[in-house]
Structure formats: structure tokens, C-alpha cells
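Participant: Dropping a structure here in C-alpha cells format, bear with me for questions.
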Amino acid sequence: MAGSVEAWVEAYRQAWESRDPDAAAALFTEDATYRDRIFDEPHRGPDGVAAYWANVTRPQSEVQVRMGKPFVDGKRVAVEFWTNFEVDGEDATLPGCLLLDFDDDWKCTRLREYWLFEPGRHEPPAEWGT
């Protein structure tokens with residue numbers, strides 16, 4: 001992976017579309033935390049990320065992920081995502097935002113995500129992702 005936030009975001013998008021837990025896990029440091037639900041304990045390290053991804057992406061198919069333009073402040077980043085997929089054969093939309101911290105090699109040390117699951121296939125509003 002090239003050392004930039006843009007390369008990390010693209011690798012994350014590709015890992016999700018291919019539902020590849022190992023590719024997702026490779027984006028994180030050994031001591032990383034990944035918090036998909038703010039009130040739950042985070043998934044820890046690449047093994048925790050891989051286990052989470054294997055479970056959460058299993059029922060997904062026809063995955064299309066769009067990533068917005070990252071907001072970057074040093075090694076802290078916020079980036080929106082807009083995902084359309086099928087879950088158990090039903091269309092769904094998952095818009096959200098990743099809050100990320102990186103080390104000097106652009107591996108993620110901390111991820112917090114906020115999202116909304118909406119049944120059906122929806123397109124983002126015109127101002128989304130900028």
C-alpha cells in the first residue's frame with residue numbers, strides 16, 4: 001500500500017467491495033482499535049478486524065462502496081462512505097463516516113465509525129462526499 005490517506009481509503013473501499021477480511025486487517029496496526037458501534041468494545045488489532053469483517057460482510061452481496069473526499073488534519077482523518085448492497089437478497093443502503101488516526105506509515109491505529117442502515121437502494125444527495 002502506498003503511504004497516503006488516499007491509498008488507505010481506496011484499499012479500504014476495495015476490501016469492502018471484495019468482502020476481504022484479510023485485506024481490511026492489513027490496513028491496521030498490531031495495537032489498533034476498530035469501533036463499529038460506539039457503545040460496544042472495539043475490535044483489537046488485525047485479528048479483531050479480520051474476525052469482525054468476516055462476520056459483518058458475510059450476508060452482503062453486490063457491494064458498491066463510494067468514499068467521499070477525506071478531511072485531513074495531520075494524521076487524523078474523517079471520510080464519508082456510501083454503500084449500496086444486498087443483505088440476504090434485499091437492497092440496503094449504508095451511509096456513514098469513518099474517524100481515523102494513522103501512524104507515520106499510514107496504517108490505522110484507531111477507527112470509529114458512525115452509520116445508518118436504511119432498507120432499499122438510495123443514492124447520496126448532491127453535496128455528499130465533498
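Here, A, B, ... name the chains of the C-alpha cells in the order displayed, residue numbers run from 1 inside each chain, and ligands are numbered from 1 in the same displayed order.
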Got a sec: who's within 12 Å of A:Trp106, counting only C-alpha atoms, leaving out chain neighbours fewer than 4 positions off, as a list in words?

Facilitator: Met1, Ala2, Gly3, Ser4, Val5, Glu6, Ala7, Trp8, Val9, Ala11, Ala26, Leu27, Phe28, Thr29, Gly74, Lys75, Arg76, Val77, Leu100, Asp101, Phe102 and Arg110 of chain A

Participant: Within 9 Å of stretch 52-67 of chain A, counting only C-alpha atoms, which residues qualify if same-chain residues fewer than 2 places away don't, as an MDAnalysis selection string?

Facilitator: chainID A and resid 9:10 13:14 16:22 24:25 43 47:50 69:70 79:89 129

Participant: Could you tell me how far atom CA of A:Asp40 sits from atom CA of A:Cys108, in Å to one decimal place?

Facilitator: 19.2 Å

Participant: Can you pull out every residue within 8 Å of A:Gly120, counting only C-alpha atoms, but drop anything in the same chain fewer than 6 positions away, and send it as a ChimeraX atom specification?

Facilitator: /A:90-93

Participant: Tell me, in Å to one decimal, how far atom CA of A:Phe117 is from atom CA of A:Arg35.

Facilitator: 16.4 Å

Participant: Determine which residues of stretch 33-120 of chain A receive a DSSP assignment of alpha helix (DSSP H), computed from the backbone, and state them as a PyMOL selection string.

Facilitator: chain A and resi 45-57

Participant: Mind listing the strand (DSSP E) residues of chain A, per DSSP on the backbone, as a ChimeraX atom specification?

Facilitator: /A:28-35,43-44,60-67,71-73,76-87,90-102,108-115,118-119

Participant: So, with only C-alpha atoms as the atoms that count, which of A:Gly45, A:Pro119, A:Leu111, A:Cys97 lies closest to A:Glu30?

Facilitator: A:Gly45

Participant: To one decimal in Å, tell me the separation between atom CA of A:Pro125 and atom CA of A:Phe39.

Facilitator: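 The value is 28.5 Å.
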